[in-house]
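Report on the structure given below.
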Amino acid sequence: MKLQSEEGFISDRDIMIAVISNIIGLLTLTLPRLLAANTNSSDGWLAIVLGGGIVSFFAYIVSKIASSFPNQSFFSYASYLVSKPLAVFFTLMFTLQYLAIASFQVREISVLAHQYLFDQTPREVIALAFLLVVIYAVSGSHAAIFRLNVLFLPIIIGGLLILILLPLGFIRTENLLPVFQTDIKGYLKATYSSITSFMGFGIVLFYIALVKSPENTPKMAVRGVLVITFLNLLLYIVCIGVLGNLTTENLFFPSFDLSRTVDIPGGFFQRFDSILFVVWTMIIFTTALMAFDIAVMTLMMVFEKLKKIKVIFTLSPILFFISMLPKDYLELTKVSSVMSSFIVIYLVIVTILLGVAYKIKGGNQNA
Amino acid sequence: MRRVAVVFILIVCTVFVSGCWDKQEIEQRAFVYGVAIDLSEDSSTSNPEIKLTQQLIVPENLTNMGGGGGGSGPAFQNLSKTGKTLIDISRETIKLTSRRIDVTHLNVALFSEDVVKEPKMFEQLVDVFLRERDARRGIKLVIASGKAEELLTVEPEHEKIPAEYINKMLEETGNLAILDIVRVGDIQEKLLARESFPIAQLKMKNPKEIIYEGIAVYNGHQEKVVGTLKDEEAKGLSFFRGKRHTGTINIEVYRKPAAVEILKIKTKVTLKNKEMNNLKFLVNVDVNGLIAEQFGTENVMNEDVLREFENATREKVEEIMRKSVDTLQKDFQTDALGLGVHLKKFHPKLWESVKGNWDYGENYFSQSTIDINTDVTIETPGTINRTALGGGTK
Amino acid sequence: MMLGQSEDLIIREITVGSSQKKCSIVYLSVLVDQNLVNTNISKIVEAKNAQEIMAISEMKNVDTVNEIADAVLSGNMVLMVDGAKTVWVMNTAGGDKRSIDEPQSEPVIRGPRSGFVESIDTNIALIRRELKDPNLRFEMHEVGERSKQKLAVCYVEGITNKDILDEVNRRLKSIDIDFAPDSSLVEQWIEDSFLSPFPQILDTERPERVIYSILQGKIGILVHGSPFALITPVTLGYALQSIDDYSQRWIIGSLLRLLRFVATFITIFLPAVYVALISYHPGLIPTQLAFSIAATREGVPFPSILEALLMAVTFEILEEAGIRLPKGIGQTIGIVGGIVIGDVAVSAGIVSPAMVIVTSLTAIASFTIPNYSTAVGLRVMRFALIFAAAILGLYGIILVFIMMVVHVVNLKSMGVPYTGPFAPYFLGDLKNLFIRAPIMTLTKRPPYLETEDTQKVNNGGQDK
């Protein structure tokens, strides 16, 4: 039926929301630790601002390119810009990359659950239960995924705001001072870390094809990145202010432990860390969902004849298998850092290549 | 529609295959409310063994619910065991109780003096409280004079659980002789930064009462408690650091005792020079108070009398502050005043050069001069002028 | 005749007035208004020519046998004149009807007292009488292969989106049943997803609710024989609204609505959260409460999951029994079920008092949901959540919650996303969702319906 048709149905704001929900994720949990490890006291805020700025710039370019090909998939405009074989390669690389991201999320949710909720429940079960819900969501329509984002966004933002506001009283200025005591190298490393945590903006490359009228989408994508920059900044400052630089450096998930410092006196839930666990599950869910969705989507761009449901059921066991590969926490951390470096480098390369090709060929001729 | 069915079947399968690993009904858990850590009797320096006493709650006896049965016995149960590590001991205790030990409601951890005076022991023990996911970061850490386990056997008048009694006592703020209570969450940063810090110390006065012994001082570099500030020395420390706690100090005005209640303390530290071997600190203390009790008969509405009160208070405050500074600098040689933190915050360059020998080795802290400048304002004389006219006509 | 031999079928032969023509009159005696038939007959007899007969009453011409049979079955009187090619059908429908009564299933404090009845004509009249809009349309369909019940699709032309209307009409045509004892059968035939526990079409007994909805751009469906009108498309938030929200002043209305949202949350989550907290995360309960719950559970033989299921099932049985029982005995069951079972079970140590509190709170909260079918759907979710909580604790609850959300965002009602106006339209409509903003500010029709006329207060093109 004509009403609310499936493609070309989402608005600019939906893209902004998707960008927000995709960027807030696991790395938001660990970002304060990564920053604290490389900077002194509260200097990491500069790295977040710098990282956010650089990423906004990239997000703008990427979505500018994508939005000048309205309602065309990544594969079709990449084929136009950089020839078909290269586009096939790019798209398949993205499939792999997003598959890896999704399985990383699936693995991390089990790590997180193990750290804060369970002792004995096998991580395979925790991961599998999560994966099943992801599969169920991916097999729905794209429109539904965006509606889901919109529904979850207030919960996610609200949860983060509570996480930021409640411990405000515990901030000690002695933890925040002195300022600017970090050397350049530290800043560079920290900025790099913060850039990796913002990489979720890559989804605009694929989702812009679904936007009804993408004129304002670049602006919205940038706005999404800026919202996250702001939230990350607050979260980081509260983290350092409450926990202190050295503690933050030595906690696995500092953002999460932040919630454990606060007792709500007399409340029904005395500890709100488990309540925030609810929020974090949603956060990780949206990231995993979109990553898996894009993996499926990119694969179907190249192999157009495949049926979606078959692709999903072929990819899911692979995804689960990958997620169970790393043996322990150390390996997982290594995998995570290798993966994020790869994502950064790959996205930059693709952006530059597409950008240059776009300049040369001068925009969209068959639109 | 078929995929929905497939997903559903998969989920049902996980449900039945999985079972419930972490499930443990609430009544089958043994809640630990307080723990006490002592050195075991047969422990030696080469082979230190610790003794962990866990105070478990017996819920049936705690509430009046449940109709008949229970209600007669004590609401708690103390279990002691010795061993190498806390977790090890704790696991051992399960055998005694047949229930799963649950530390989610753990509130107070008591350390005996001998434990904290053993170098490194304290931080090793604190580690488990931080690492354990179930434990809160708000667990209060206290030092106990003598045996820590004895404090958990106190029989207070109004409380059924000793640990709850201690917990409530620690939450009270009307005593100048104590500082902000140290919580596990705060201590991690200090231990990591090898900072020195004060920590409250309790003592069993009689089988029904526990009182504050004073403030133990932990030295970050020696990694042990080096001594305890008692009575007025402890109060003096409050004027350096305490923001939350208020209380009374006793003074003498016109040779008659009086008590001034301290309402607000505002402390500001400034560094006067940058000679590493003789750092000069100026500590400005603004004290606001009111007259709580007066044995004399002077009219406190009179300005001279008020000034006299203020002067007496100021002298007293400076005196006790001086006392605690002296003890800290000469006897303990440990910076529990937070001057190191001040340097780190406002003079990071200087701090870099002194931090290795701050209250250790060269001990720049002991070599520094600390000037105290106090300003006292009596805000109100309470609700009355005086209770008796007496001989004085003032 | 195809109606065969039936005692209630009356066929009378008369001669008409001056022309002396022979006529037959056919009707079903149980369906007609006898007075009307008699008057008609006497007028026909006196009539001088065809024109005068035409003037007698509401009348139309039909010419096939099937049509004649249908007309007779609908309570009409059929006049067949010897020699004439067509047959005249006169509307003489009558017979017994229930009088208009107060709605039983959706009581309100303040608001109209009239509810729909079984007769579709009365129901249409109820709507027509209140809504004197010339653009109000009733499209008649027929439902039931054999029962041939009348079904009316009502909407306001110029407001309702034509796409939705076409979709409704298309689906109504696909219905293939013998007889629709209630509009709920029609509902099940035309709803989007039959697997969903959420009702995608709302039923109501209240004419003003139908009017309010069709003015928003929704579509009402009336089925003959059922006092429940259907409203479509609906959204999740709409199912939780009551007309009472609008009859109170806005602050109170908003608070009541918020209260209802909270109660809905309790209905769905409370038992599950209780089970999760008791058997997985006692650290989340405030210390003192944890100890007293532990004390009360001492000696209870069942794990909390069984306890929760036991109580929840007991409650469902009580409620089901309450509906089936004659009204007089209902009270007794309430006392036996509530007090005796609850109290005795606790003192016998079979369930803990905390569980009884949780169950009764849940039960009471579920009655704040104004619509019965919504409430039943949500109660089913509750069981799913209890199971999830028993297996994976809080984590299980979150996963099931996410699944519910995934299901809801994929759900559509007549092609309109079920989650509107939460998503995708986010802000525009929220002032009438969680809260009920002052009536003066509610000037827009819901955007998710994509209505043709968006402004609620229409000045008819005159001065602004």
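In the structure tokens, chains take letters A, B, ... by order of appearance, with residues numbered from 1 within each chain and ligands from 1 in the order shown.
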
Quick one: residues within 10 Å of Thr247 in chain A, only C-alpha atoms, excluding same-chain residues fewer than 5 positions away - as a ChimeraX atom specification?
/A:33,36,239-240,242,254 /B:185-193

Which chain A residues are at most 8 Å from chain B (counting only C-alpha atoms), as a PyMOL selection string?
chain A and resi 115-116+118-121+125+129+132+136+174+177-178+181+243-247+260-263

Which residues, written as a PyMOL selection string, have at least one atom at most 12 Å from range 67-70 of chain C, with only C-alpha atoms counted and residues fewer than 4 positions away on the same chain left out?
chain C and resi 1-4+9+25-28+60-63+74-80+86-90+142+146-150

Pull out every residue of chain B sitting within 6 Å of chain C, counting only C-alpha atoms, and send them as a PyMOL selection string.
chain B and resi 20+23-27+59-60+66+104

Residues as selected, all heavy atoms, written as a short mmCIF file (atom, residue, chain, number, x, y, z; two decimals), in the first residue's frame, can you do that?
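Just written: result11.cif:
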```cif
data_model
loop_
_atom_site.label_atom_id
_atom_site.label_comp_id
_atom_site.auth_asym_id
_atom_site.auth_seq_id
_atom_site.Cartn_x
_atom_site.Cartn_y
_atom_site.Cartn_z
N CYS B 20 18.92 -22.59 35.26
CA CYS B 20 19.13 -21.32 35.93
C CYS B 20 20.38 -21.38 36.78
O CYS B 20 20.36 -21.89 37.89
CB CYS B 20 17.93 -21.00 36.79
SG CYS B 20 16.40 -21.65 36.10
N LYS B 23 20.62 -18.70 39.88
CA LYS B 23 19.43 -18.50 40.68
C LYS B 23 19.67 -18.95 42.11
O LYS B 23 20.18 -20.03 42.36
CB LYS B 23 18.28 -19.29 40.06
CG LYS B 23 16.98 -18.89 40.60
CD LYS B 23 15.89 -19.55 39.79
CE LYS B 23 14.67 -19.58 40.66
NZ LYS B 23 13.77 -20.60 40.33
N GLN B 24 19.32 -18.14 43.03
CA GLN B 24 19.43 -18.48 44.43
C GLN B 24 18.39 -17.68 45.16
O GLN B 24 18.45 -16.46 45.20
CB GLN B 24 20.84 -18.16 44.95
CG GLN B 24 21.14 -18.68 46.31
CD GLN B 24 21.47 -20.16 46.29
OE1 GLN B 24 21.33 -20.80 45.26
NE2 GLN B 24 21.89 -20.71 47.39
N GLU B 25 17.41 -18.37 45.73
CA GLU B 25 16.33 -17.64 46.38
C GLU B 25 16.86 -16.81 47.55
O GLU B 25 17.84 -17.17 48.20
CB GLU B 25 15.28 -18.63 46.89
CG GLU B 25 14.60 -19.42 45.80
CD GLU B 25 13.73 -18.57 44.90
OE1 GLU B 25 13.14 -17.60 45.40
OE2 GLU B 25 13.65 -18.87 43.70
N ILE B 26 16.14 -15.75 47.80
CA ILE B 26 16.63 -14.78 48.78
C ILE B 26 16.80 -15.41 50.15
O ILE B 26 17.74 -15.11 50.89
CB ILE B 26 15.67 -13.56 48.82
CG1 ILE B 26 16.33 -12.39 49.54
CG2 ILE B 26 14.34 -13.90 49.44
CD1 ILE B 26 15.60 -11.09 49.34
N GLU B 27 15.91 -16.36 50.52
CA GLU B 27 16.00 -16.92 51.86
C GLU B 27 17.12 -17.95 51.96
O GLU B 27 17.45 -18.40 53.04
CB GLU B 27 14.66 -17.51 52.29
CG GLU B 27 14.30 -18.84 51.65
CD GLU B 27 13.60 -18.65 50.30
OE1 GLU B 27 13.61 -17.52 49.78
OE2 GLU B 27 13.05 -19.64 49.77
N PRO B 59 17.43 -13.42 59.32
CA PRO B 59 16.27 -12.55 59.09
C PRO B 59 15.09 -12.87 59.97
O PRO B 59 14.38 -11.97 60.41
CB PRO B 59 15.92 -12.82 57.62
CG PRO B 59 17.14 -13.39 57.03
CD PRO B 59 17.83 -14.13 58.12
N GLU B 60 14.86 -14.16 60.28
CA GLU B 60 13.66 -14.49 61.08
C GLU B 60 13.66 -13.76 62.41
O GLU B 60 12.61 -13.40 62.93
CB GLU B 60 13.58 -15.99 61.39
CG GLU B 60 13.71 -16.92 60.23
CD GLU B 60 15.14 -17.37 60.05
OE1 GLU B 60 15.93 -16.62 59.44
OE2 GLU B 60 15.48 -18.46 60.48
N GLY B 66 6.32 -13.48 60.62
CA GLY B 66 6.43 -14.92 60.62
C GLY B 66 5.66 -15.60 61.73
O GLY B 66 5.80 -16.78 61.96
N THR B 104 26.11 -8.42 48.96
CA THR B 104 25.53 -7.23 48.35
C THR B 104 25.11 -6.19 49.39
O THR B 104 24.99 -5.03 49.08
CB THR B 104 24.30 -7.58 47.49
OG1 THR B 104 23.49 -8.46 48.25
CG2 THR B 104 24.70 -8.23 46.21
#
```

Would you mind reading off the distance between CA of Lys22 in chain C and CA of Val72 in chain C, one decimal, in Å?
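Separation of CA of Lys22 in chain C and CA of Val72 in chain C: 19.7 Å.
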
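Relative to CA of His114 in chain A, CA of Ile37 in chain B is found at 28.1 Å.
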
Tell me which of A:Ile155, A:Ile171, A:Leu112, A:Val204 sits closest to Val222 in chain A, counting only C-alpha atoms.
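Under the stated criterion, the closest residue is A:Val204.
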
Counting only C-alpha atoms, what are the residues of range 216-253 of chain B within 10 Å of range 301-323 of chain B, and for each of them which pair of atoms is the nearest and at what distance in Å, to one decimal? Sort the table by chain and rising number, as JSON lines.
```
{"residue": "B:Leu229", "atom": "CA", "partner": "B:Lys323", "partner_atom": "CA", "distance": 9.8}
{"residue": "B:Asp231", "atom": "CA", "partner": "B:Ile320", "partner_atom": "CA", "distance": 9.5}
{"residue": "B:Glu232", "atom": "CA", "partner": "B:Ile320", "partner_atom": "CA", "distance": 5.8}
{"residue": "B:Glu233", "atom": "CA", "partner": "B:Lys323", "partner_atom": "CA", "distance": 5.8}
{"residue": "B:Ala234", "atom": "CA", "partner": "B:Ile320", "partner_atom": "CA", "distance": 8.5}
{"residue": "B:Lys235", "atom": "CA", "partner": "B:Ile320", "partner_atom": "CA", "distance": 7.1}
{"residue": "B:Gly236", "atom": "CA", "partner": "B:Met321", "partner_atom": "CA", "distance": 4.1}
{"residue": "B:Leu237", "atom": "CA", "partner": "B:Met321", "partner_atom": "CA", "distance": 6.5}
{"residue": "B:Ser238", "atom": "CA", "partner": "B:Met321", "partner_atom": "CA", "distance": 8.6}
{"residue": "B:Phe239", "atom": "CA", "partner": "B:Met321", "partner_atom": "CA", "distance": 7.0}
{"residue": "B:Phe240", "atom": "CA", "partner": "B:Met321", "partner_atom": "CA", "distance": 7.8}
{"residue": "B:Ile249", "atom": "CA", "partner": "B:Thr313", "partner_atom": "CA", "distance": 8.1}
{"residue": "B:Asn250", "atom": "CA", "partner": "B:Lys316", "partner_atom": "CA", "distance": 8.2}
{"residue": "B:Ile251", "atom": "CA", "partner": "B:Thr313", "partner_atom": "CA", "distance": 6.3}
{"residue": "B:Glu252", "atom": "CA", "partner": "B:Ala312", "partner_atom": "CA", "distance": 6.7}
{"residue": "B:Val253", "atom": "CA", "partner": "B:Phe309", "partner_atom": "CA", "distance": 6.3}
```

What lies within 9 Å of Ser323 in chain A using only C-alpha atoms, ignoring chain neighbours under 2 positions off, as a PyMOL selection string?
chain A and resi 100+102-108+127+318-321+325-326

As number ranges by chain, please: every residue in range 20-260 of chain A that DSSP puts in helix (DSSP H, G or I).
A: 20-23, 26-38, 44-67, 74-82, 84-116, 123-138, 142-170, 173-176, 184-197, 199-210, 214-243, 245-249, 254-260

Nearby residues (only C-alpha atoms) at most 12 Å from Ser353 in chain B, same-chain spacing under 6 positions excluded, as a count of residues only:
10

Write out as a list of chain:residue names which residues come within 10 Å of Tyr329 in chain A when counting only C-alpha atoms, dropping same-chain ones fewer than 5 positions away.
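After dropping sequence-adjacent residues, the list is A:Glu108, A:Val111, A:Lys334, A:Val335.
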
12 Å contact set for Thr91 in chain A, only C-alpha atoms, chain neighbours under 4 positions out, as an MDAnalysis selection string
chainID A and resid 73:79 82 84:87 95:98 205:206 294:303 346:347 350

Which of range 196-441 of chain C counts as strand (DSSP E) under DSSP, as a PyMOL selection string please?
chain C and resi 202-204+219-223+229-232+412-413+416-417

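A straight line drawn from CA of Gln5 in chain C to CA of Gln34 in chain C is 20.7 Å long.
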
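With only C-alpha atoms as the atoms that count, the minimum distance from chain C to the choices A:Leu315, A:Met339, A:Leu166, A:Ile283 is reached by A:Ile283.
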